[in-house]
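Colleague: If it helps, the file is called model26.cif and holds mmCIF, C-alpha atoms and all ligand atoms:
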```cif
data_run
loop_
_atom_site.group_PDB
_atom_site.id
_atom_site.type_symbol
_atom_site.label_atom_id
_atom_site.label_comp_id
_atom_site.auth_asym_id
_atom_site.auth_seq_id
_atom_site.Cartn_x
_atom_site.Cartn_y
_atom_site.Cartn_z
ATOM 1 C CA MET A 16 -2.234 -11.535 -70.240
ATOM 2 C CA LYS A 17 -5.852 -12.340 -70.786
ATOM 3 C CA LEU A 18 -5.452 -15.533 -68.791
ATOM 4 C CA SER A 19 -3.794 -13.866 -65.802
ATOM 5 C CA MET A 20 -6.508 -11.203 -65.689
ATOM 6 C CA ARG A 21 -9.075 -13.953 -65.398
ATOM 7 C CA PHE A 22 -7.246 -15.409 -62.439
ATOM 8 C CA PHE A 23 -6.666 -12.096 -60.759
ATOM 9 C CA PRO A 24 -9.901 -12.076 -58.661
ATOM 10 C CA LEU A 25 -9.177 -15.634 -57.626
ATOM 11 C CA LEU A 26 -5.682 -14.613 -56.568
ATOM 12 C CA LEU A 27 -7.098 -11.731 -54.558
ATOM 13 C CA THR A 28 -9.484 -14.087 -52.817
ATOM 14 C CA ILE A 29 -6.667 -16.464 -51.932
ATOM 15 C CA LEU A 30 -4.560 -13.584 -50.661
ATOM 16 C CA PHE A 31 -7.452 -12.290 -48.585
ATOM 17 C CA LEU A 32 -8.053 -15.725 -47.062
ATOM 18 C CA ALA A 33 -4.351 -16.103 -46.339
ATOM 19 C CA VAL A 34 -4.243 -12.786 -44.485
ATOM 20 C CA LEU A 35 -7.401 -13.668 -42.569
ATOM 21 C CA PHE A 36 -6.048 -17.052 -41.582
ATOM 22 C CA ASN A 37 -2.741 -15.579 -40.573
ATOM 23 C CA SER A 38 -4.236 -12.968 -38.285
ATOM 24 C CA CYS A 39 -6.441 -15.553 -36.598
ATOM 25 C CA SER A 40 -3.565 -17.861 -35.872
ATOM 26 C CA SER A 41 -1.376 -15.079 -34.539
ATOM 27 C CA ASP A 42 -4.172 -14.088 -32.158
ATOM 28 C CA ASN A 43 -4.075 -17.554 -30.744
ATOM 29 C CA SER A 44 -0.324 -17.893 -30.461
ATOM 30 C CA ALA A 45 -0.459 -15.282 -27.687
ATOM 31 C CA ASP A 46 3.225 -15.036 -27.029
ATOM 32 C CA PRO A 47 3.048 -11.751 -25.219
ATOM 33 C CA ILE A 48 0.090 -11.775 -22.894
ATOM 34 C CA VAL A 49 -2.208 -9.016 -23.990
ATOM 35 C CA ASP A 50 -5.297 -10.286 -22.360
ATOM 36 C CA ILE A 51 -6.645 -6.927 -21.385
ATOM 37 C CA ASP A 52 -10.361 -7.463 -21.254
ATOM 38 C CA GLY A 53 -12.821 -5.191 -23.044
ATOM 39 C CA SER A 54 -11.429 -4.867 -26.532
ATOM 40 C CA ASP A 55 -10.256 -1.625 -28.081
ATOM 41 C CA ASP A 56 -13.631 -0.537 -29.350
ATOM 42 C CA ASP A 57 -15.581 -0.437 -26.109
ATOM 43 C CA ASN A 58 -12.980 0.962 -23.759
ATOM 44 C CA ASN A 59 -14.291 4.454 -23.759
ATOM 45 C CA ASP A 60 -17.613 4.045 -22.070
ATOM 46 C CA ASP A 61 -18.357 3.853 -18.411
ATOM 47 C CA ASP A 62 -17.541 0.319 -17.362
ATOM 48 C CA SER A 63 -19.200 0.361 -13.968
ATOM 49 C CA ASN A 64 -21.827 -1.973 -15.348
ATOM 50 C CA ASP A 65 -19.582 -3.910 -17.618
ATOM 51 C CA ASP A 66 -19.269 -7.646 -17.999
ATOM 52 C CA GLU A 67 -17.802 -10.265 -15.700
ATOM 53 C CA THR A 68 -14.287 -8.873 -15.288
ATOM 54 C CA ASP A 69 -15.487 -5.547 -14.034
ATOM 55 C CA ASP A 70 -13.050 -5.407 -11.142
ATOM 56 C CA THR A 71 -9.864 -6.014 -13.071
ATOM 57 C CA ASP A 72 -8.262 -5.984 -16.445
ATOM 58 C CA TYR A 73 -5.427 -8.293 -15.487
ATOM 59 C CA ASP A 74 -5.187 -11.922 -16.482
ATOM 60 C CA ILE A 75 -2.156 -14.008 -15.524
ATOM 61 C CA ASN A 76 -3.127 -17.231 -17.336
ATOM 62 C CA GLY A 77 -0.425 -16.696 -19.927
ATOM 63 C CA ILE A 78 2.497 -16.747 -17.495
ATOM 64 C CA LEU A 79 1.600 -20.036 -15.846
ATOM 65 C CA GLU A 80 3.650 -21.947 -18.405
ATOM 66 C CA LEU A 81 6.751 -20.109 -17.172
ATOM 67 C CA PHE A 82 6.636 -22.097 -13.952
ATOM 68 C CA GLU A 83 8.742 -25.175 -14.325
ATOM 69 C CA GLY A 84 10.177 -28.162 -12.622
ATOM 70 C CA THR A 85 9.143 -31.535 -11.402
ATOM 71 C CA ASP A 86 8.755 -30.262 -7.854
ATOM 72 C CA LEU A 87 5.947 -27.962 -8.864
ATOM 73 C CA SER A 88 2.582 -28.427 -10.510
ATOM 74 C CA TYR A 89 -0.424 -26.246 -11.108
ATOM 75 C CA GLU A 90 -3.982 -26.441 -12.279
ATOM 76 C CA VAL A 91 -6.518 -23.827 -13.183
ATOM 77 C CA SER A 92 -9.678 -24.061 -11.112
ATOM 78 C CA GLY A 93 -12.365 -21.519 -11.904
ATOM 79 C CA THR A 94 -10.942 -18.062 -11.325
ATOM 80 C CA ASN A 95 -7.878 -19.365 -9.468
ATOM 81 C CA VAL A 96 -4.693 -21.233 -10.175
ATOM 82 C CA ILE A 97 -3.678 -23.843 -7.635
ATOM 83 C CA PHE A 98 0.053 -24.467 -7.271
ATOM 84 C CA THR A 99 1.370 -27.445 -5.367
ATOM 85 C CA THR A 100 5.067 -27.388 -4.581
ATOM 86 C CA THR A 101 7.553 -29.541 -2.710
ATOM 87 C CA ASP A 102 9.569 -26.327 -2.256
ATOM 88 C CA LEU A 103 12.790 -28.163 -3.088
ATOM 89 C CA PRO A 104 15.292 -25.862 -4.832
ATOM 90 C CA ASN A 105 16.543 -26.981 -8.261
ATOM 91 C CA HIS A 106 20.032 -25.808 -7.389
ATOM 92 C CA LYS A 107 22.956 -26.521 -5.146
ATOM 93 C CA SER A 108 23.121 -25.513 -1.520
ATOM 94 C CA PRO A 109 25.081 -26.342 1.628
ATOM 95 C CA TYR A 110 21.668 -26.930 3.204
ATOM 96 C CA TRP A 111 21.109 -30.197 1.363
ATOM 97 C CA ALA A 112 22.146 -33.358 3.193
ATOM 98 C CA THR A 113 25.797 -33.986 2.384
ATOM 99 C CA ASP A 114 24.939 -37.172 0.452
ATOM 100 C CA ASN A 115 22.513 -35.335 -1.820
ATOM 101 C CA ALA A 116 23.745 -34.736 -5.388
ATOM 102 C CA LEU A 117 22.887 -31.055 -4.991
ATOM 103 C CA TYR A 118 24.944 -30.604 -1.848
ATOM 104 C CA GLU A 119 27.677 -28.032 -2.275
ATOM 105 C CA ALA A 120 29.687 -26.363 0.468
ATOM 106 C CA TYR A 121 29.238 -22.617 0.725
ATOM 107 C CA ASN A 122 31.169 -20.853 -2.017
ATOM 108 C CA GLY A 123 29.467 -17.456 -2.012
ATOM 109 C CA THR A 124 30.989 -14.071 -1.319
ATOM 110 C CA ASN A 125 29.765 -13.338 2.214
ATOM 111 C CA SER A 126 32.774 -13.621 4.547
ATOM 112 C CA SER A 127 30.361 -13.645 7.513
ATOM 113 C CA PHE A 128 28.452 -16.665 6.176
ATOM 114 C CA ASN A 129 27.211 -18.845 8.966
ATOM 115 C CA LEU A 130 25.483 -22.157 8.159
ATOM 116 C CA ASN A 131 22.279 -22.397 10.175
ATOM 117 C CA PRO A 132 21.402 -25.733 11.828
ATOM 118 C CA ASN A 133 18.431 -26.457 9.501
ATOM 119 C CA ARG A 134 18.512 -28.696 6.431
ATOM 120 C CA ILE A 135 16.297 -28.696 3.345
ATOM 121 C CA SER A 136 13.318 -31.010 3.577
ATOM 122 C CA GLU A 137 10.433 -31.711 1.245
ATOM 123 C CA GLN A 138 7.278 -29.682 1.848
ATOM 124 C CA ASN A 139 3.734 -29.861 0.581
ATOM 125 C CA ILE A 140 2.635 -26.272 0.080
ATOM 126 C CA VAL A 141 -0.517 -25.376 -1.819
ATOM 127 C CA PHE A 142 -1.200 -21.852 -3.063
ATOM 128 C CA THR A 143 -4.594 -20.811 -4.379
ATOM 129 C CA ILE A 144 -3.962 -17.621 -6.326
ATOM 130 C CA PRO A 145 -6.424 -15.403 -8.234
ATOM 131 C CA LEU A 146 -6.010 -15.435 -12.020
ATOM 132 C CA ASN A 147 -7.446 -11.933 -12.328
ATOM 133 C CA PRO A 148 -5.622 -9.995 -9.620
ATOM 134 C CA SER A 149 -6.891 -6.545 -8.751
ATOM 135 C CA ALA A 150 -5.996 -3.754 -6.339
ATOM 136 C CA ALA A 151 -7.350 -4.340 -2.835
ATOM 137 C CA THR A 152 -9.308 -1.632 -1.065
ATOM 138 C CA SER A 153 -7.582 -2.483 2.195
ATOM 139 C CA ASN A 154 -4.131 -3.999 1.968
ATOM 140 C CA ALA A 155 -3.360 -7.087 4.028
ATOM 141 C CA ALA A 156 0.054 -7.455 5.635
ATOM 142 C CA THR A 157 2.223 -10.248 4.252
ATOM 143 C CA PRO A 158 2.484 -13.263 6.563
ATOM 144 C CA LEU A 159 5.578 -14.803 8.058
ATOM 145 C CA GLY A 160 6.126 -17.943 6.000
ATOM 146 C CA PRO A 161 5.227 -18.341 2.323
ATOM 147 C CA MET A 162 3.848 -15.171 0.691
ATOM 148 C CA GLY A 163 4.475 -16.186 -2.894
ATOM 149 C CA ILE A 164 6.001 -18.755 -5.205
ATOM 150 C CA SER A 165 8.962 -18.429 -7.523
ATOM 151 C CA ARG A 166 9.312 -19.989 -10.974
ATOM 152 C CA ASN A 167 11.195 -22.976 -9.629
ATOM 153 C CA GLY A 168 8.665 -23.677 -6.886
ATOM 154 C CA VAL A 169 10.681 -22.256 -3.969
ATOM 155 C CA VAL A 170 8.586 -19.971 -1.785
ATOM 156 C CA PHE A 171 9.111 -16.253 -1.191
ATOM 157 C CA TYR A 172 9.244 -14.850 2.338
ATOM 158 C CA ASN A 173 8.926 -11.212 3.359
ATOM 159 C CA GLN A 174 11.529 -8.852 4.810
ATOM 160 C CA TYR A 175 11.205 -10.037 8.387
ATOM 161 C CA ALA A 176 13.086 -12.733 10.247
ATOM 162 C CA GLY A 177 10.307 -13.322 12.751
ATOM 163 C CA PRO A 178 7.413 -11.801 14.686
ATOM 164 C CA ASN A 179 7.319 -8.098 15.580
ATOM 165 C CA ASN A 180 9.077 -7.104 12.400
ATOM 166 C CA GLN A 181 12.485 -8.493 13.313
ATOM 167 C CA ALA A 182 14.932 -7.360 10.683
ATOM 168 C CA LEU A 183 16.790 -9.835 8.495
ATOM 169 C CA THR A 184 20.165 -8.455 9.592
ATOM 170 C CA ASN A 185 21.476 -11.662 11.150
ATOM 171 C CA GLU A 186 19.556 -14.075 8.926
ATOM 172 C CA ILE A 187 21.258 -12.665 5.864
ATOM 173 C CA ASN A 188 24.496 -14.253 6.993
ATOM 174 C CA SER A 189 22.924 -17.667 6.679
ATOM 175 C CA PHE A 190 21.823 -17.183 3.055
ATOM 176 C CA ASP A 191 23.585 -19.718 0.834
ATOM 177 C CA GLN A 192 25.376 -19.065 -2.471
ATOM 178 C CA TRP A 193 21.987 -18.608 -4.190
ATOM 179 C CA LEU A 194 20.690 -16.423 -1.350
ATOM 180 C CA GLY A 195 18.136 -18.810 0.087
ATOM 181 C CA HIS A 196 18.030 -20.795 3.310
ATOM 182 C CA PRO A 197 15.755 -23.209 5.192
ATOM 183 C CA GLN A 198 13.854 -22.386 8.374
ATOM 184 C CA ASN A 199 13.558 -24.784 11.299
ATOM 185 C CA ALA A 200 11.094 -27.116 9.524
ATOM 186 C CA GLY A 201 13.438 -27.388 6.540
ATOM 187 C CA GLN A 202 11.315 -25.069 4.419
ATOM 188 C CA TYR A 203 13.687 -23.431 1.949
ATOM 189 C CA HIS A 204 12.888 -19.838 0.933
ATOM 190 C CA TYR A 205 14.078 -16.593 -0.630
ATOM 191 C CA HIS A 206 13.717 -13.249 1.159
ATOM 192 C CA ILE A 207 15.833 -11.393 -1.396
ATOM 193 C CA GLU A 208 16.886 -11.781 -5.014
ATOM 194 C CA PRO A 209 16.934 -15.473 -6.031
ATOM 195 C CA THR A 210 20.189 -15.209 -7.928
ATOM 196 C CA PHE A 211 19.885 -18.701 -9.378
ATOM 197 C CA LEU A 212 16.795 -17.503 -11.259
ATOM 198 C CA THR A 213 18.181 -14.118 -12.293
ATOM 199 C CA GLU A 214 21.308 -15.858 -13.548
ATOM 200 C CA GLU A 215 19.170 -18.307 -15.528
ATOM 201 C CA PHE A 216 16.504 -15.938 -16.837
ATOM 202 C CA GLY A 217 18.114 -12.503 -16.562
ATOM 203 C CA ALA A 218 17.909 -9.571 -14.165
ATOM 204 C CA THR A 219 14.763 -8.170 -15.787
ATOM 205 C CA ALA A 220 12.925 -11.489 -15.819
ATOM 206 C CA PHE A 221 9.616 -12.605 -14.422
ATOM 207 C CA LEU A 222 10.514 -14.504 -11.228
ATOM 208 C CA GLY A 223 7.216 -15.660 -9.767
ATOM 209 C CA LEU A 224 4.006 -14.515 -8.107
ATOM 210 C CA LEU A 225 2.977 -13.227 -4.732
ATOM 211 C CA SER A 226 -0.159 -14.888 -3.465
ATOM 212 C CA ASP A 227 -2.318 -11.928 -4.528
ATOM 213 C CA GLY A 228 -1.622 -12.938 -8.142
ATOM 214 C CA PHE A 229 0.636 -10.020 -9.040
ATOM 215 C CA PRO A 230 3.929 -10.937 -10.708
ATOM 216 C CA VAL A 231 7.406 -10.406 -9.307
ATOM 217 C CA TYR A 232 10.205 -9.133 -11.532
ATOM 218 C CA GLY A 233 13.967 -8.905 -11.164
ATOM 219 C CA PRO A 234 16.070 -5.953 -10.017
ATOM 220 C CA MET A 235 16.585 -4.371 -13.463
ATOM 221 C CA GLU A 236 14.170 -2.687 -15.857
ATOM 222 C CA ASP A 237 14.856 -0.803 -19.099
ATOM 223 C CA GLY A 238 18.590 -1.170 -18.548
ATOM 224 C CA MET A 239 18.500 0.417 -15.082
ATOM 225 C CA ALA A 240 18.586 -0.981 -11.573
ATOM 226 C CA VAL A 241 15.176 -0.511 -9.967
ATOM 227 C CA THR A 242 15.454 1.262 -6.605
ATOM 228 C CA ASN A 243 13.007 1.452 -3.749
ATOM 229 C CA ASP A 244 12.311 5.071 -4.766
ATOM 230 C CA ASP A 245 10.887 3.829 -8.072
ATOM 231 C CA LEU A 246 8.272 1.763 -6.242
ATOM 232 C CA ASP A 247 5.211 2.369 -4.104
ATOM 233 C CA ASP A 248 4.658 1.323 -0.479
ATOM 234 C CA PHE A 249 3.926 -2.241 -1.544
ATOM 235 C CA HIS A 250 7.172 -2.375 -3.532
ATOM 236 C CA GLY A 251 5.652 -2.383 -6.968
ATOM 237 C CA HIS A 252 4.412 -0.152 -9.748
ATOM 238 C CA THR A 253 2.321 -0.374 -12.895
ATOM 239 C CA GLY A 254 3.975 -0.611 -16.281
ATOM 240 C CA ALA A 255 4.628 -2.752 -19.299
ATOM 241 C CA THR A 256 6.670 -5.932 -18.922
ATOM 242 C CA ALA A 257 7.802 -8.495 -21.473
ATOM 243 C CA GLU A 258 4.862 -10.737 -20.617
ATOM 244 C CA PHE A 259 2.337 -7.891 -20.198
ATOM 245 C CA PRO A 260 3.093 -5.320 -22.900
ATOM 246 C CA ASN A 261 -0.125 -3.444 -22.118
ATOM 247 C CA GLY A 262 0.962 -2.969 -18.518
ATOM 248 C CA ILE A 263 0.297 -4.639 -15.213
ATOM 249 C CA TYR A 264 0.958 -3.910 -11.581
ATOM 250 C CA HIS A 265 4.101 -5.829 -10.577
ATOM 251 C CA TYR A 266 6.547 -6.118 -7.728
ATOM 252 C CA HIS A 267 10.294 -5.757 -8.124
ATOM 253 C CA ILE A 268 13.074 -7.311 -6.107
ATOM 254 C CA THR A 269 15.597 -4.616 -5.217
ATOM 255 C CA SER A 270 18.973 -4.804 -3.513
ATOM 256 C CA GLU A 271 17.784 -2.913 -0.418
ATOM 257 C CA ASP A 272 15.404 -3.640 2.401
ATOM 258 C CA PRO A 273 12.485 -4.429 2.066
ATOM 259 C CA TYR A 274 13.764 -6.260 -1.043
ATOM 260 C CA LEU A 275 10.560 -7.824 -2.348
ATOM 261 C CA ASN A 276 7.460 -6.537 -0.640
ATOM 262 C CA GLY A 277 7.000 -3.373 1.353
ATOM 263 C CA ASN A 278 3.915 -2.683 3.348
ATOM 264 C CA GLY A 279 1.652 -5.609 2.471
ATOM 265 C CA PHE A 280 -0.120 -6.994 -0.569
ATOM 266 C CA TYR A 281 -1.228 -4.657 -3.338
ATOM 267 C CA GLY A 282 -4.031 -7.069 -4.193
ATOM 268 C CA THR A 283 -6.053 -9.515 -2.162
ATOM 269 C CA PRO A 284 -3.996 -12.591 -1.297
ATOM 270 C CA GLY A 285 -5.310 -16.055 -2.049
ATOM 271 C CA ASN A 286 -4.857 -18.994 0.263
ATOM 272 C CA VAL A 287 -1.678 -20.818 1.334
ATOM 273 C CA SER A 288 -1.774 -24.161 3.089
ATOM 274 C CA GLN A 289 1.179 -26.219 4.256
HETATM 275 ZN ZN ZN B 301 14.408 -16.847 6.335
HETATM 276 ZN ZN ZN B 302 8.606 -2.527 -13.308
#
```
Reformat the file's structure so that it appears as C-alpha cells.
Ligand SMILES: [Zn+2]
Ligand SMILES: [Zn+2]
Modeller:
Amino acid sequence: MKLSMRFFPLLLTILFLAVLFNSCSSDNSADPIVDIDGSDDDNNDDDSNDDETDDTDYDINGILELFEGTDLSYEVSGTNVIFTTTDLPNHKSPYWATDNALYEAYNGTNSSFNLNPNRISEQNIVFTIPLNPSAATSNAATPLGPMGISRNGVVFYNQYAGPNNQALTNEINSFDQWLGHPQNAGQYHYHIEPTFLTEEFGATAFLGLLSDGFPVYGPMEDGMAVTNDDLDDFHGHTGATAEFPNGIYHYHITSEDPYLNGNGFYGTPGNVSQ
C-alpha cells in the first residue's frame, strides 16, 4: 500500500502524458476534414480584419487523396491544386476501340441507345483549382467542355449538349452503360450521375470537384434522394458531409435536369487547359 501510494503521482504523470500524446496524434490523423480556420475560441469576434483566410473557411486539402488512378495526378501549388488527367475512364464502355481490354458492347437499360461515332482517346487536361473555395460575388456560367473532375479523372460537363443551351435530350441516348460518352475529339465525360462511381463508392459519396473547388456529391443524402428543390440555383447547398462534418457548400447530382450544375459556378472557377 505504502509503495503504491509512492508511485501514484508518477502514474498520474504517465497517464497525463498518454492522454496528451493521444490527443495530439488524433489531431494529425485528420480523417474527417475539419479544417475550419479560426479555432473555436476566436470565432465570435468580427473577422473582417482577420488573418490570411479571411475570405473563406473552406479547405479541400483533405479530400485530394480520394482522387485515384494512374490516369490522374495532382500537386499542390500555393493556394491551388493542379490536376492533370488523361481523362480515360477506368471502366468498360462501347466507346473504347474494340481491341481494348475495356471494350464492352452496350448492355445498359436504355432501349433507345444509339452509339455515337466518336471513340475514347487520351487527353491531356490540366485543372488549376482553388484549395480554399469561397462564394463568388458574381457567378460565372459553366463552360461547354470540362467544368470539373471526377474521382477517377473523367471530366464533368454541364447540362447542355452545345452552344445556345441545347438540351441533352438526344445526347442522353448515346450515354453508355456507365452514363458517359465521348465528344468528337474523343474526350470522354459525364453530364449526369457517373454510376460507375456511385456503384463503387455509394450514392451519398464524394464524386469529384467542379473547377471552383466545391465538391460534388451523389444523388442521396441522409437516406433520401436529393431533388432539385433541395438545392439552390447553382445546384448545391451548404451542410455537413462525411468529409466535411462542420459543413461546406457542395453540389449534388440529381436524377433531373440540370443534373449537376444549375445556373453557373457558386464559387470562382480556376483554370482548365486542354
Ligand atoms: Zn456530352
Ligand atoms: Zn448535401
Colleague: Would you list the residues that come within 8 Å of ligand ZN 302 (chain B)? Count all atoms listed in the file and give the answer as a ChimeraX atom specification.
Modeller: /A:232,236,241,251-256,264-267
Colleague: Could you tell me, counting all atoms listed in the file, which protein and nucleic acid residues lie no more than 7 Å from ligand ZN 301 (chain B), written as an MDAnalysis selection string?
Modeller: chainID A and resid 172 176 186 196:198 204:206
Colleague: Mind writing the picked residues with C-alpha atoms as an mmCIF file, in the coordinates of the input?
Modeller:
```cif
data_model
loop_
_atom_site.group_PDB
_atom_site.id
_atom_site.type_symbol
_atom_site.label_atom_id
_atom_site.label_comp_id
_atom_site.auth_asym_id
_atom_site.auth_seq_id
_atom_site.Cartn_x
_atom_site.Cartn_y
_atom_site.Cartn_z
ATOM 1 C CA TYR A 172 9.244 -14.850 2.338
ATOM 2 C CA ALA A 176 13.086 -12.733 10.247
ATOM 3 C CA GLU A 186 19.556 -14.075 8.926
ATOM 4 C CA HIS A 196 18.030 -20.795 3.310
ATOM 5 C CA PRO A 197 15.755 -23.209 5.192
ATOM 6 C CA GLN A 198 13.854 -22.386 8.374
ATOM 7 C CA HIS A 204 12.888 -19.838 0.933
ATOM 8 C CA TYR A 205 14.078 -16.593 -0.630
ATOM 9 C CA HIS A 206 13.717 -13.249 1.159
#
```
Colleague: With all atoms listed in the file counted and 10 Å as the cut-off, give the residues of range 71-95 of chain A in contact with range 212-227 of chain A, each with its shortest interatomic distance in Å and the pair that gives it, as a tab-separated table.
Modeller:
```
residue	atom	partner	partner_atom	distance
A:Ile75	CA	A:Leu224	CA	9.7
A:Ile78	CA	A:Phe221	CA	8.8
A:Leu79	CA	A:Gly223	CA	9.4
A:Leu81	CA	A:Phe221	CA	8.5
A:Phe82	CA	A:Gly223	CA	7.7
```
Colleague: Can you report as JSON the centre and edge lengths in Å, to one decimal, of an axis-aligned box around the listed atoms of range 262-281 of chain A padded with 6 Å on each side?
Modeller:
```
{"center_x": 8.9, "center_y": -5.3, "center_z": -7.6, "size_x": 32.2, "size_y": 17.1, "size_z": 33.9}
```
Colleague: Calculated over only C-alpha atoms, which of the candidates A:Val287, A:Leu146, A:Ala156, A:Ile97 has the smallest distance to Gln174 in chain A?
Modeller: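 With only C-alpha atoms as the atom set, the closest residue is A:Ala156.
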Colleague: Can you tell me how far CA of Leu159 in chain A sits from CA of Gly279 in chain A, in Å to one decimal?
Modeller: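 Computing the Euclidean distance for CA of Leu159 in chain A and CA of Gly279 in chain A yields 11.5 Å.
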Colleague: If I only have part of range 188-200 of chain A, can you fill in N, CA and C atoms and write it as an mmCIF file, keeping the file's coordinate frame?
Modeller:
```
data_model
loop_
_atom_site.group_PDB
_atom_site.id
_atom_site.type_symbol
_atom_site.label_atom_id
_atom_site.label_comp_id
_atom_site.auth_asym_id
_atom_site.auth_seq_id
_atom_site.Cartn_x
_atom_site.Cartn_y
_atom_site.Cartn_z
ATOM 1 N N ASN A 188 23.224 -13.531 6.961
ATOM 2 C CA ASN A 188 24.496 -14.253 6.993
ATOM 3 C C ASN A 188 24.338 -15.768 6.858
ATOM 4 N N SER A 189 23.115 -16.235 6.912
ATOM 5 C CA SER A 189 22.924 -17.667 6.679
ATOM 6 C C SER A 189 22.370 -17.961 5.279
ATOM 7 N N PHE A 190 22.257 -16.937 4.437
ATOM 8 C CA PHE A 190 21.823 -17.183 3.055
ATOM 9 C C PHE A 190 22.943 -17.887 2.294
ATOM 10 N N ASP A 191 22.577 -18.927 1.554
ATOM 11 C CA ASP A 191 23.585 -19.718 0.834
ATOM 12 C C ASP A 191 24.054 -19.007 -0.436
ATOM 13 N N GLN A 192 24.802 -19.691 -1.275
ATOM 14 C CA GLN A 192 25.376 -19.065 -2.471
ATOM 15 C C GLN A 192 24.314 -18.610 -3.465
ATOM 16 N N TRP A 193 23.075 -19.095 -3.333
ATOM 17 C CA TRP A 193 21.987 -18.608 -4.190
ATOM 18 C C TRP A 193 20.990 -17.779 -3.381
ATOM 19 N N LEU A 194 21.411 -17.382 -2.198
ATOM 20 C CA LEU A 194 20.690 -16.423 -1.350
ATOM 21 C C LEU A 194 19.354 -16.937 -0.801
ATOM 22 N N GLY A 195 19.269 -18.241 -0.628
ATOM 23 C CA GLY A 195 18.136 -18.810 0.087
ATOM 24 C C GLY A 195 18.619 -19.547 1.316
ATOM 25 N N HIS A 196 17.684 -19.959 2.147
ATOM 26 C CA HIS A 196 18.030 -20.795 3.310
ATOM 27 C C HIS A 196 16.768 -21.467 3.839
ATOM 28 N N PRO A 197 16.931 -22.546 4.614
ATOM 29 C CA PRO A 197 15.755 -23.209 5.192
ATOM 30 C C PRO A 197 15.463 -22.703 6.607
ATOM 31 N N GLN A 198 14.183 -22.707 6.974
ATOM 32 C CA GLN A 198 13.854 -22.386 8.374
ATOM 33 C C GLN A 198 13.832 -23.689 9.176
ATOM 34 N N ASN A 199 13.360 -23.634 10.412
ATOM 35 C CA ASN A 199 13.558 -24.784 11.299
ATOM 36 C C ASN A 199 12.775 -26.034 10.915
ATOM 37 N N ALA A 200 11.766 -25.909 10.009
ATOM 38 C CA ALA A 200 11.094 -27.116 9.524
ATOM 39 C C ALA A 200 11.668 -27.550 8.174
#
```
